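Peer 1: This is query-v5.txt (compact mmCIF, C-alpha atoms and all ligand atoms).
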```txt
# COMPACT_ATOMS: atom_id res chain seq x y z
CA MET X 122 219.62 57.01 -84.13
CA THR X 123 218.78 53.35 -84.24
CA LYS X 124 218.13 51.00 -81.39
CA ARG X 125 220.39 47.95 -81.55
CA PRO X 126 219.68 44.51 -80.08
CA ILE X 127 221.48 43.82 -76.79
CA LEU X 128 223.38 40.54 -76.51
CA ILE X 129 222.36 38.31 -73.62
CA HIS X 130 224.91 36.32 -71.58
CA PRO X 131 226.31 33.76 -72.33
CA ASP X 132 227.73 34.97 -75.63
CA PRO X 133 231.38 34.69 -76.72
CA ARG X 134 231.38 38.36 -77.78
CA LEU X 135 230.72 39.36 -74.15
CA LYS X 136 233.85 37.46 -73.11
CA THR X 137 236.13 39.07 -75.71
CA ALA X 138 238.40 42.05 -75.08
CA ALA X 139 237.48 44.95 -77.38
CA THR X 140 240.01 46.80 -79.53
CA PRO X 141 240.87 50.53 -79.25
CA VAL X 142 238.88 53.00 -81.36
CA GLY X 143 241.81 55.30 -82.12
CA GLU X 144 240.54 57.96 -84.49
CA ILE X 145 236.96 59.16 -83.99
CA THR X 146 235.16 58.50 -87.27
CA ASP X 147 231.53 59.01 -88.32
CA GLU X 148 231.07 55.29 -87.75
CA VAL X 149 232.13 55.68 -84.10
CA ARG X 150 229.78 58.67 -83.67
CA ARG X 151 226.92 56.68 -85.19
CA LEU X 152 227.68 53.74 -82.91
CA ALA X 153 227.68 56.06 -79.84
CA ASP X 154 224.33 57.61 -80.87
CA ASP X 155 222.80 54.18 -81.33
CA MET X 156 224.19 53.00 -78.01
CA LEU X 157 222.69 55.99 -76.14
CA GLU X 158 219.32 55.38 -77.77
CA THR X 159 219.54 51.67 -76.89
CA MET X 160 220.57 52.42 -73.29
CA TYR X 161 217.81 54.98 -72.61
CA ASP X 162 215.23 52.72 -74.22
CA ALA X 163 216.20 49.64 -72.18
CA PRO X 164 216.23 51.55 -69.75
CA GLY X 165 219.72 51.41 -68.31
CA ILE X 166 222.44 53.68 -66.93
CA GLY X 167 225.36 52.28 -68.90
CA LEU X 168 226.12 50.30 -72.05
CA ALA X 169 229.36 49.07 -73.62
CA ALA X 170 229.82 48.45 -77.36
CA PRO X 171 230.43 44.67 -76.98
CA GLN X 172 226.88 44.43 -75.57
CA VAL X 173 225.58 45.40 -79.01
CA GLY X 174 228.07 43.08 -80.68
CA VAL X 175 230.68 45.71 -81.61
CA LEU X 176 234.11 44.83 -80.20
CA LYS X 177 235.32 48.43 -79.93
CA ARG X 178 236.33 50.28 -76.75
CA VAL X 179 233.29 52.59 -76.54
CA LEU X 180 230.91 53.00 -73.63
CA VAL X 181 228.00 55.27 -72.86
CA MET X 182 226.47 56.14 -69.50
CA ASP X 183 224.09 58.47 -67.73
CA CYS X 184 223.68 57.89 -64.01
CA VAL X 185 221.39 60.87 -63.38
CA LYS X 186 218.53 59.31 -61.44
CA ASP X 187 216.47 62.31 -60.40
CA GLU X 188 213.47 62.87 -62.66
CA GLY X 189 213.84 66.66 -62.36
CA GLU X 190 217.55 66.65 -63.11
CA ALA X 191 218.83 67.20 -66.66
CA PRO X 192 220.20 64.05 -68.34
CA ARG X 193 223.98 63.81 -68.64
CA PRO X 194 224.81 61.45 -71.50
CA LEU X 195 228.52 60.63 -71.55
CA VAL X 196 230.36 58.83 -74.35
CA LEU X 197 233.78 57.45 -73.48
CA CYS X 198 236.10 56.17 -76.23
CA ASP X 199 239.22 54.23 -75.25
CA PRO X 200 238.63 54.86 -71.52
CA GLU X 201 241.39 54.11 -69.09
CA ILE X 202 241.31 54.10 -65.28
CA VAL X 203 244.28 56.16 -64.14
CA TRP X 204 243.58 56.24 -60.40
CA THR X 205 241.46 54.30 -57.90
CA SER X 206 240.67 55.20 -54.29
CA ASP X 207 241.64 52.90 -51.43
CA ALA X 208 238.11 53.34 -50.09
CA ARG X 209 235.74 50.74 -51.48
CA ASN X 210 232.03 50.69 -52.05
CA VAL X 211 229.44 47.96 -52.41
CA TYR X 212 226.61 48.36 -54.91
CA GLU X 213 223.92 45.98 -56.01
CA GLU X 214 224.74 45.72 -59.72
CA GLY X 215 222.71 44.58 -62.66
CA CYS X 216 223.43 44.39 -66.37
CA LEU X 217 221.38 44.79 -69.54
CA SER X 218 223.07 41.61 -70.83
CA ILE X 219 221.98 39.71 -67.69
CA PRO X 220 218.37 40.87 -67.31
CA ASP X 221 216.65 40.81 -63.90
CA GLN X 222 219.68 39.47 -62.03
CA TYR X 223 221.28 41.57 -59.31
CA ALA X 224 224.17 41.02 -56.92
CA GLU X 225 226.42 43.01 -54.62
CA VAL X 226 229.86 43.82 -56.03
CA GLU X 227 232.66 45.60 -54.18
CA ARG X 228 234.80 48.06 -56.13
CA PRO X 229 236.90 51.18 -55.48
CA ALA X 230 234.58 53.98 -54.33
CA GLU X 231 236.23 56.60 -56.58
CA VAL X 232 238.09 56.35 -59.87
CA GLU X 233 239.74 58.79 -62.20
CA VAL X 234 239.23 57.98 -65.86
CA ARG X 235 240.90 59.31 -68.98
CA TRP X 236 239.17 58.96 -72.36
CA THR X 237 238.64 60.46 -75.80
CA ASP X 238 235.34 62.26 -76.47
CA LEU X 239 233.41 62.27 -79.75
CA GLU X 240 235.21 65.43 -80.91
CA GLY X 241 238.51 63.64 -80.48
CA GLY X 242 239.36 65.65 -77.35
CA ALA X 243 241.23 64.23 -74.35
CA ARG X 244 239.04 64.14 -71.24
CA ARG X 245 239.77 63.31 -67.63
CA GLU X 246 237.30 63.12 -64.77
CA ARG X 247 236.97 61.73 -61.27
CA PHE X 248 233.81 59.71 -60.64
CA ASP X 249 232.23 58.70 -57.34
CA GLY X 250 229.04 57.05 -56.13
CA LEU X 251 226.95 55.29 -58.74
CA TRP X 252 229.00 56.90 -61.55
CA ALA X 253 232.18 55.23 -60.24
CA THR X 254 230.53 51.82 -60.08
CA CYS X 255 228.96 52.24 -63.50
CA VAL X 256 232.14 53.34 -65.30
CA GLN X 257 234.09 50.42 -63.80
CA HIS X 258 231.34 47.97 -64.74
CA GLU X 259 231.32 49.26 -68.34
CA ILE X 260 235.12 49.29 -68.69
CA ASP X 261 235.05 45.66 -67.48
CA HIS X 262 232.79 44.92 -70.48
CA LEU X 263 235.50 46.27 -72.78
CA ASP X 264 237.86 43.72 -71.24
CA GLY X 265 235.38 40.85 -71.68
CA LYS X 266 234.46 40.82 -68.00
CA LEU X 267 230.98 40.69 -66.46
CA PHE X 268 229.87 41.64 -62.94
CA ILE X 269 228.98 37.99 -62.26
CA ASP X 270 232.70 37.19 -62.66
CA TYR X 271 233.12 38.77 -59.19
CA LEU X 272 230.62 36.35 -57.63
CA LYS X 273 231.23 32.93 -56.15
CA PRO X 274 231.24 30.19 -58.85
CA LEU X 275 228.02 28.61 -57.61
CA LYS X 276 226.07 31.88 -57.80
CA ARG X 277 227.62 32.67 -61.19
CA GLN X 278 226.62 29.27 -62.57
CA MET X 279 223.11 29.66 -61.24
CA ILE X 280 222.69 32.98 -63.03
CA THR X 281 224.26 31.62 -66.23
CA ARG X 282 221.82 28.69 -66.25
CA LYS X 283 218.89 31.08 -65.82
CA MET X 284 220.16 33.12 -68.78
CA GLN X 285 220.58 30.00 -70.94
CA LYS X 286 216.98 29.08 -70.15
CA LEU X 287 215.83 32.63 -70.97
CA LYS X 288 217.63 32.49 -74.33
CA ARG X 289 216.09 29.13 -75.18
CA GLU X 290 212.64 30.49 -74.38
CA LYS X 291 213.29 33.61 -76.49
CA ALA X 292 214.52 31.49 -79.41
CA ARG X 293 211.36 29.43 -79.28
CA ALA X 294 209.02 32.44 -79.07
ZN ZN Z 1 226.76 45.33 -67.97
```
Turn the structure described in the file into structure tokens.
Ligand SMILES: [Zn+2]
Peer 2:
Amino acid sequence: MTKRPILIHPDPRLKTAATPVGEITDEVRRLADDMLETMYDAPGIGLAAPQVGVLKRVLVMDCVKDEGEAPRPLVLCDPEIVWTSDARNVYEEGCLSIPDQYAEVERPAEVEVRWTDLEGGARRERFDGLWATCVQHEIDHLDGKLFIDYLKPLKRQMITRKMQKLKREKARA
């Protein structure tokens, strides 16, 4: 497993819709392994392939928060939301591509997602709580959408300017 660099907003690759994986190849499995390593190292609870510059529909997540609880790494290839609850939930979201910026985003409280696992099997699961927010946030990444796209333009621009400044400082360092 290799840690991969995470792209920081703004970056055109974060605004691009990713293409379906289709068949699960060794390359896809390697990508998923690297993404899990990168996510745990960050640390974060979710990561989508475009965030490491790969425009494929792959995401990883593990929303287990309890120290004593066993980790539950999930890899979703070509995920698709097949059902959303009418009930909605507000979570303060953050993003590894938008470091140290948080904002409340309202989304469906529960979603049912269909995807392909790394063995090529068809999977289907209903997510709630933090898992539901996380999976929707990551699927948005596959469509070139960021959580700040849900915010008012002024707030979004403020965050984008902060990120541009951060990138300039990083480039100089
Ligand atoms: Zn994100």
Peer 1: Give me the chain X side of the contact with ligand ZN 1 (chain Z), cut-off 7 Å, one line per residue showing its nearest atom pair and distance in Å at one decimal, counting only C-alpha atoms and all ligand atoms, sorted by chain and residue number, as JSON lines.
Peer 2:
```
{"residue": "X:Leu168", "atom": "CA", "partner": "Z:ZN1", "partner_atom": "ZN", "distance": 6.5}
{"residue": "X:Gly215", "atom": "CA", "partner": "Z:ZN1", "partner_atom": "ZN", "distance": 6.7}
{"residue": "X:Cys216", "atom": "CA", "partner": "Z:ZN1", "partner_atom": "ZN", "distance": 3.8}
{"residue": "X:Leu217", "atom": "CA", "partner": "Z:ZN1", "partner_atom": "ZN", "distance": 5.6}
{"residue": "X:Ser218", "atom": "CA", "partner": "Z:ZN1", "partner_atom": "ZN", "distance": 6.0}
{"residue": "X:His258", "atom": "CA", "partner": "Z:ZN1", "partner_atom": "ZN", "distance": 6.2}
{"residue": "X:Glu259", "atom": "CA", "partner": "Z:ZN1", "partner_atom": "ZN", "distance": 6.0}
{"residue": "X:His262", "atom": "CA", "partner": "Z:ZN1", "partner_atom": "ZN", "distance": 6.5}
{"residue": "X:Leu267", "atom": "CA", "partner": "Z:ZN1", "partner_atom": "ZN", "distance": 6.5}
{"residue": "X:Phe268", "atom": "CA", "partner": "Z:ZN1", "partner_atom": "ZN", "distance": 7.0}
```
Peer 1: Hey, which of X:Thr123, X:Thr237, X:Thr146, X:Gln172 ends up closest to Gly265 of chain X? Count all atoms listed in the file.
Peer 2: X:Gln172
Peer 1: Please determine, counting all atoms listed in the file, which residue among X:Asp187, X:Glu227, X:Asp154, X:Asp199 has the shortest atom-to-atom distance to Gly241 of chain X.
Peer 2: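 Closest to Gly241 of chain X of all the choices is X:Asp199.
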Peer 1: Could you check how far atom CA of His130 of chain X sits from atom CA of Arg293 of chain X, in Å to one decimal?
Peer 2: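 About the pair atom CA of His130 of chain X and atom CA of Arg293 of chain X: they are 17.0 Å apart.
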Peer 1: Select, from X:Cys184, X:Gln222, X:Arg125, X:Leu197, the residue with the minimum atom-to-atom distance to Thr281 of chain X, counting all atoms listed in the file.
Peer 2: X:Gln222
